[in-house]
Structures are given as structure tokens and as C-alpha cells.
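Student: Structure incoming, see below.
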Amino acid sequence: MKKSSPALHLQLKFLLHLYQSTVGMIVQGRSVTEILEAITLNIEEHLNRRVYCSVLLMNESDNRLKLGYAPNLQEFFTTDMIETNVGPEGGYCGRAAYYKTSVIVPDILQDKLHEKFHSLAQTYQLRACWSIPIMMEGRLLGVFSVYHAVPSHPTAFELEMIETCAHLAGLAIERERKEQEFLATTEAKFQMIAEHTSDTISVLNRDGTVVYASPANEFTLGYSQAEYQGLCVFDLVHPDDLSHVRRSFRRMADEKNTSVVEFRYRHKQGHFLIMEVKGKPVIQEDGQVQRFVVVGRDVTSRRVQEQKLEESEQRYKSLFENNPDGVFSLSLEGEIFSHNTSLERILGYSSEELLGDVTRVIAPECLTTTMEHFSRAVQGEPQTYETLAVHKLGYRVPVQVTNIPIVVGGQIVGVFGIAKDITEQKTSQEALRTSEEQLRLLIHTIPDIVLVKDAENRLLEINQAALDIFGMDGLDYRGRDFLELAQLNEQYKELYLDCHYSDREAWMRVTPQHFEYEVQKPDGTSKVYDILKSSHFDGKGVPKHLVTIGRDITVRKSMETELRQMKEQLESLFQHSADGIAVLDIDRRFIRVNRAMELMFGWKAEELSDNCLVPDHLRMEAADLKRRVLSGEELVGIETVRKHKDGHHLEVSNTYSPIRDHQGEVVAFSVISRDISGRKQTEELLRRSDKLAVIGQLAAAVAHEIRNPLTSIKGFIQLFQDRIDSHFVGIMLDELKRIETIITEFLSLAKPQVTNFEPRSITKLIKDTLSIIETQALMDGIEIQLETSGMVPIINCDEYKIKQVLINILKNAMEAMPKGGKIYISLSIKGEQLVIQVRDEGHGIPADRMPHLGEPFYSHKEKGTGLGLMVSFKIIEEHRGRIQIQSECNKGTTVDIILPMNLV
């Protein structure tokens with residue numbers, strides 16, 4: 001068989017879609033204009049060239065074609081084509097209508113029959129015209145035409161397509177014509193009924209005013225048509241029934257539905273009749289109720305009988321007219337003589353068209369079996385069967401038919417039928433079948449394992465992947481459970497038993513259950529599977545199916561193990577790192593903080609914020625660092641200053657790294673902080689040590705040059721001491737000794753001196769020192785106060801070096817008070833430490849100079865060298881102590897000399 005090309009398949013698909021959508025619009029009752037618009041626009045869009053479609057409608061009264069619809073033809077051309085004569089000289093459309101056959105003109109300018117149209121075609125750039133007559137049951141309804149901008153001859157498919165469009169247009173036009181005929185017939189019937197019925201028929205306004213009255217009103221109520229029109233019906237209702245009647249009319253207007261009401265109504269002669277009135281609202285296009293049509297009947301003398309008859313009629317009407325299924329009655333000859341509107345809706349025929357031979361609406365292929373069922377019903381056997389009916393539009397409608405014999409007086413006089421449209425049911429069944437096939441195909445092609453079992457755990461379906469995993473190739477598994485299979489395959493017995501027990505557990509759970517199986521393969525390798533078992537029950541809770549789906553997660557499990565180990569390693573590194581590590585989001589909020597970070601800055605993780613760590617003067621620097629790292633830059637070893645919780649500053653080295661999401665966007669960043677205060681202090685000590693080394697070398701040279709002449713001077717003084725007053729000789733020798741001591745201290749900067757530790761009373765040392773400088777203090781107007789609180793602490797120390805430190809500190813205090821003042825010296829013991837505190841009332845030391853105290857050649861005094869404090873620091877460090885200095889400008893300075901009590 002020759003296969004159709006993809007292009008032809010698409011064209012057929014388009015044609016089917018066009019046919020189905022147009023028929024759907026016709027069935028929905030859409031207007032002819034909408035339907036013609038849809039057809040023409042679909043054709044213009046589908047043809048792969050510039051085309052224009054038009055539909056001309058036949059006017060039988062003057063045998064002319066008039067423009068029906070041409071959406072995209074130029075305005076002037078459509079004006080020229082508003083009317084066209086039907087005949088050989090009536091143009092392409094006129095010829096097609098006249099001969100009732102297609103007229104194909106591939107090139108208008110080459111057509112000799114209609115040369116008068118050449119100029120018109122050139123004006124509007126039209127070169128080809130295909131015209132198809134629109135016929136319906138041998139009757140000409142119009143012409144469907146396609147115009148082309150270039151010469152063109154239709155292919156076989158294109159010709160079939162426009163002929164189909166002409167047929168569809170004919171169906172729409174014929175439907176509208178019949179609707180109009182039906183409307184005219186209905187109006188005539190209403191007029192006839194109104195003029196000849198014995199019931200009163202009236203048309204009322206919303207307020208109850210009569211605008212029309214049938215002749216029966218005069219016979220029943222005594223009012224002529226002229227008298228009755230203009231009256232308000234509510235004025236004639238019995239006062240006791242008036243509220244009931246008004247409510248009925250309001251409800252009829254609100255619900256827009258027919259209403260029947262019975263009440264007493266006044267005759268022209270004054271007495272009241274019992275009237276049964278049926279009202280129906282007349283609804284405008286905007287949905288509002290404009291008027292009421294009411295039909296009244298005098299039931300005064302026959303109320304009971306009429307009421308019973310009405311109830312009987314209502315029951316029959318409910319069964320017959322309002323049944324959603326098609327209900328019909330057949331004669332013994334198989335002719336339809338009555339039916340409801342549902343049957344019209346199902347088959348698309350009008351009421352008149354359905355009457356007659358039933359075989360006209362039965363599909364030929366189903367006619368024999370259908371008539372066999374009808375014959376059995378005629379013989380008295382009720383029948384229910386499925387068959388195919390033929391819709392008016394030609395397509396098949398699957399129906400379920402029930403035939404019941406009609407028995408009157410013991411004789412079968414006909415057959416009662418009920419036809420149920422089962423199109424949706426059939427469609428659903430077909431969709432279900434297709435879905436099952438697709439599901440089965442999917443099950444057998446996916447790499448996951450799939451098993452389906454019944455309520456007894458017997459295997460119903462298993463795909464190839466499961467056969468491979470469970471080693472079932474070659475096994476007759478259908479209808480068996482895993483317990484049976486375990487006896488047939490020893491190698492997989494343990495796996496089958498595990499599956500059996502997990503199946504039982506899955507049946508006991510409402511929600512799907514997950515299991516992990518490790519399956520040993522024949523080649524010695526093992527695979528891990530994630531198994532999902534889901535039990536299914538019917539609406540009554542009865543077990544139906546157990547579905548098992550499994551996926552090979554061997555690689556995933558391996559990756560999970562590696563990821564878990566890596567995460568544990570990273571977490572251990574994070575938590576146990578000596579450096580502080582923190583993770584912050586793009587708004588600099590802390591997400592995670594390790595213990596080292598908390599210890600470094602003194603803050604708990606929940607207390608930390610970027611603002612609490614950054615000193616005020618470094619806000620701009622911190623913002624710039626954030627901007628750089630959020631732009632994707634990695635910053636390594638940024639040395640800066642951060643603030644501790646207690647307020648002091650720490651020198652840190654920070655490394656910033658951006659953290660990206662799976663799309664590469666920076667969503668956070670990490671900070672690794674290392675406290676480099678100790679390193680900085682070490683660097684400072686090295687720097688000072690370098691200075692001390694230089695100073696030591698200088699001091700050694702200077703001391704050497706001084707000591708030689710000093711020795712000569714001391715020798716000459718001793719040589720001539722008998723010639724000099726002994727008092728002056730003693731003074732000079734003491735001063736020379738003092739100079740030698742100073743030179744010795746000076747040399748201590750150059751090389752370490754032996755420190756002689758001996759137990760000494762610190763109180764006595766202080767008093768001896770004060771005796772040395774007290775005279776100078778009194779001359780400078782300075783009072784020195786010593787407060788020992790009765791303590792006489794003994795420590796191991798070098799007496800002379802401690803005195804030198806005290807002298808240096810006291811001299812600095814005196815020099816800080818050029819106008820006099822007080823110096824306070826106190827002793828205290830704090831734990832294992834002795835504190836000697838010297839406090840003055842001098843001008844103080846500026847805060848910016850405090851960090852440099854003790855550096856050589858750095859002094860805030862005009863003639864100072866900075867060597868005194870440097871030597872003092874060195875001496876106290878040799879005693880394993882320290883010096884702390886606090887100062888405030890214009891208030892004074894406090895120096896704490898802290899020495900250990902247990903120094904050996």
C-alpha cells in the first residue's frame with residue numbers, strides 16, 4: 001500500500017478539522033455570518049499564497065446573486081460584486097450558478113469569455129478565480145469563490161477542499177432558511193390557535209395591563225377585545241387571591257419561567273369564575289422580562305376532573321418531553337409517529353423530518369440487527385441493544401435503544417422506544433482503551449521496574465526491566481505470587497520472600513510505602529533499588545491492585561555517601577577551625593557562625609550582626625568589600641580592624657568568598673577571620689628589638705668613651721685628695737660613683753646585665769627612693785604622699801633596678817607638673833601580685849601617644865629621649881612583671897607597676 005506523504009496527511013487533517021469545527025458551529029446554532037467568516041478565513045490562511053474568498057447568495061425572486069460574505073476582498077471590488085446576474089454572461093460566479101458546476105479560471109487575463117472583467121481584475125490585482133456552486137438537495141443556494149493574486153490552477157486536494165467548503169456553506173445557509181420558515185410557521189400557528197382556541201389568550205405588560213386579548217376572552221369573561229385591552233388584570237382578581245397572583249407573576253418574572261396559577265376572576269357581569277391561568281414571560285435580548293403571555297381556562301365546573309387530567313398530562317409530559325434521552329413511538333410497520341425534542345437534538349432532524357420510516361435514521365451496516373430487535377419487540381419481547389443512528393449531517397451516532405411493546409386492550413399496537421446517546425461513553429471507552437495501550441507501552445519501555453498485582457498478590461503485569469532484575473525471564477509468572485515463584489527460582493528465593501513480606505506490609509498501609517532492596521546479580525555485582533509500593537482499593541474499601549515501581553539508585557546512594565562524608569568533613573572543618581568562619585546573606589545577615597568566631601569577638605551567634613563588628617570609621621571599607629565580593633570577586637588576606645563585644649579592637653585578616661546558587665548567581669558569601677593581633681605585637685616587638693639593638697650599639701660606644709676619661713679623673717682626685725678639702729673629695733667621689741652607675745645602666749641597653757634577686761622590703765625601697773628625690777620635689781612645689789596601709793611586703797628583686805624604675809616614674813610625674821602638685825604612691829596586693837601605683841596631677845598624655853610609650857627616642861617631653869621608660873619596661877619585664885599606664889589630658893597619669901609576689 002502506498003503511504004501518504006506528510007504534506008497530504010497535514011492537508012487531510014486540516015480538512016477534517018475544518019469540517020468538524022464548521023459542523024460544530026452549525027449544531028451550536030451559530031449565525032450564518034459567523035460560519036461563513038470561519039470558513040473563508042480558514043481557507044485564506046491555509047493556502048500558501050495570497051487568496052481572497054467570497055460567498056454570493058442566491059436570490060430566487062430576481063434570479064440574481066447577492067454578496068453574502070467577503071472578509072478580505074477590497075471594498076471597491078465587493079461593491080462591484082454586490083449583485084451578479086445568473087447566466088453565461090454573469091461572470092465566473094454567474095456561470096457557475098447558471099450551469100451548476102465548478103468554473104475554474106487559472107488566468108483571468110487569458111480568459112476570452114469574460115474580457116470585460118480583465119480591467120477590473122487588473123485594477124484589484126486578481127489573476128485567477130475558482131467558483132463552486134453551493135447546492136443543497138438539487139437547489140442552488142449561492143456560489144463559493146476563491147480569488148488569487150497570481151495565475152493558479154487548483155490541485156485535486158484544493159478542489160476537494162473548496163467543494164467541501166461550498167457544501168459546509170450550503171448546510172449553514174439551509175439551516176438558517178429552515179429556521180426562518182419554522183419561525184414563520186410557528187407565528188402563523190400561534191395566530192391560528194389564538195383566534196380559534198376556546199381558551200383565553202392574553203398578552204400583558206409587566207404591570208398587568210392587557211395589550212392583546214384573543215376572541216375567547218369575550219366568550220369566557222364577557223369583555224370584547226376592545227373592552228378588555230387596556231384593563232389591568234390585577235383589578236379583576238378576587239381580593240383574597242390578589243397577593244397570591246402578584247407573587248406568582250413576580251416569581252415568573254424573577255425566575256423567567258412558565259407559571260401556572262389558579263384564582264377567582266371577575267366576569268363582566270360581576271360574578272367570579274375559577275380560572276386556571278398559565279403564564280410565560282417574554283424575555284428580551286438583554287435578558288429582561290418585557291411582557292407575559294397568559295392562557296386562561298374556566299375550570300369552575302370541571303375543576304376536579306381537569307385537575308386530575310392536568311396531573312396525568314404533567315406526568316406524561318415529564319416522562320416524554322423532558323426526558324434527556326430520545327423518546328419515540330413506532331407503529332407496527334416501523335414508522336415513527338411521535339417523538340420528543342431530545343430525539344431531534346440527538347439526530348439533528350426537525351420534528352417533521354423524523355416522522356416516517358425509522359430505517360432512514362439507522363446506519364446501513366446496523367439495519368439488519370436493529371430490525372431483528374424491533375421484530376422481537378413487536379412479538380412482545382422488550383429489547384435493549386446498541387446500534388448506530390445516522391445524524392442529519394451524515395455522521396454516525398452510537399445509541400443504546402430500548403424497545404418496549406405498546407399494549408392496548410391486550411393487543412400490541414406499536415413499540416415504544418428510548419434512544420440514549422452513548423457517544424461520550426464510547427469516546428471514553430476508546431480513550432480508556434488507548435490510554436491502557438499507551439500505559440502498557442510506557443510500562444514496558446521505561447527503565448524503572450514496574451509490577452502490578454491483584455488483591456491476592458498474584459502477578460498481573462511486569463515489564464522487561466523487572467523481569468531482568470527479578471530473574472524471571474523464562475518463568476511462567478502470570479497468576480503466581482512471590483511465594484510460589486520462590487520455589488521455582490532458588491537463586492532469587494530470598495529476594496522473592498522479601499518482596500512477599502513487604503507486599504503484605506504495603507497492603508496494610510493507606511499511603512504508598514518505600515523500601516530499599518539490594519539485589520545480588522549473577523555476575524557478583526549488587527544493585528540498590530528504591531521500591532515504591534502503592535495499594536489501591538475500591539469505593540467500599542475492597543483491595544483491588546498493588547502497584548510496585550522501582551528505580552536503580554546504586555549511583556545515587558554512592559553519591560549520597562560521598563556527599564555525606566564530604567559534608568561531615570566540611571562541617572568538622574567549619575566547627576573546629578581555629579579561624580573564625582561565618583556565612584552571611586547578601587544583606588550581610590549572619591546565617592552560620594562557628595565557635596571560633598564567637599570566641600574571637602565575644603558575641604553569640606544569635607547576637608552577631610555586621611554592624612556590631614565593624615568600627616564606625618571602617619563602614620565605607622566594609623561596604624566596598626561587600627560590593628566586591630557580591631560582584632563575584634574573591635578577596636584573600638584583607639587586613640583590617642574589627643570590634644570585640646567588650647569594645648576593644650582586634651586586628652584581623654579576612655578572606656571573603658562568594659557563594660553561588662545552581663544558576664551561578666551570588667546568594668551569600670563566607671568570611672574567614674584570623675586574629676593577627678599577636679602577630680602584629682610580635683612584629684612590633686621585633687621592630688622595637690631592632691631599635692634596641694641599634695641603641696645598644698650606640699650606648700656601648702658612648703659608655704666606653706666616657707668611662708676611660710672618667711677613670712683618669714677619679715684617679716687624679718684620689719691622687720690629690722690630701723691637697724683638697726676632704727669634704728669636697730667625698731662629694732666628688734660619690735658623684736663619680738653615681739656616674740659610673742649610670743654608665744653601667746646605659747651599658748645594660750647594649751648587653752644583658754646580671755640581675756641580683758634578693759628579698760627586699762618594697763616599702764623600704766620606696767622610702768629610700770623618695771629620700772633621693774624629695775629635696776628636688778620640695779623645690780618644685782610638689783608634695784609626695786605614700787600610702788602603705790601598714791603593709792611591709794617582701795619580694796625578690798634587684799634593689800637598684802627597682803629604685804631606678806621608681807626614680808624614672810617619679811621624675812616623669814614631677815616633670816608633668818611644672819607648677820607643682822601632688823604625687824600619690826600606694827601599695828596593694830591583688831592575688832599573687834603586688835601593685836605599686838604612682839598617680840600625679842599633671843597635664844596627662846594625649847591618647848594618640850599612648851600606644852608609643854616605651855619606644856626609644858619617643859617622648860612627649862621637649863628634652864626627653866624616651867630611654868627612661870624603655871629601660872623601666874625592660875627592668876620590670878626582667879622581674880616578670882608589667883607596667884600599665886592610664887592617662888587623661890589635664891587630669892593626670894596613673895602608672896601601675898605590677899610585680900609577682902613569688903618571684904624567685
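Convention: chains lettered A, B, ... in C-alpha cells order; per-chain residue numbering from 1; ligands numbered from 1 as shown.
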Considering only C-alpha atoms, give me a table of residues in range 51-142 of chain A that are at most 9 Å from range 31-46 of chain A, with the closest atom pair and distance in Å for each, as a Markdown table.
Tutor:
| residue | atom | partner | partner_atom | distance |
| --- | --- | --- | --- | --- |
| A:Val51 | CA | A:Glu44 | CA | 5.7 |
| A:Tyr52 | CA | A:Glu44 | CA | 6.2 |
| A:Cys53 | CA | A:Thr40 | CA | 5.5 |
| A:Ser54 | CA | A:Thr40 | CA | 7.2 |
| A:Val55 | CA | A:Leu36 | CA | 7.7 |
| A:Gly68 | CA | A:Thr33 | CA | 8.0 |
| A:Tyr69 | CA | A:Leu36 | CA | 6.8 |
| A:Ala70 | CA | A:Thr40 | CA | 7.8 |
| A:Pro71 | CA | A:Glu37 | CA | 7.0 |
| A:Asn72 | CA | A:Leu41 | CA | 8.6 |
Student: If you measure from CA of Leu451 in chain A to CA of Val528 in chain A, what distance in Å do you get, rounded to one decimal?
Tutor: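 Between CA of Leu451 in chain A and CA of Val528 in chain A the gap works out to 17.2 Å.
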Student: Mind the document's chain letters and residue numbers, and return as a ChimeraX atom specification the residues of range 479-617 of chain A that DSSP labels alpha helix (DSSP H).
Tutor: /A:482-488,493-507,554-576,595-601,610-613
Student: Kindly give the distance, in Å, that separates CA of Asp325 in chain A and CA of Ser21 in chain A, rounded to a single decimal.
Tutor: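 Separation between CA of Asp325 in chain A and CA of Ser21 in chain A: 24.8 Å.
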Student: Which neighbours of range 482-491 of chain A fall inside 12 Å, counting only C-alpha atoms, when residues of the same chain fewer than 3 positions from it are skipped, and could you give them as number ranges by chain?
Tutor: A: 451, 453, 456-459, 470-479, 494-504, 519-522
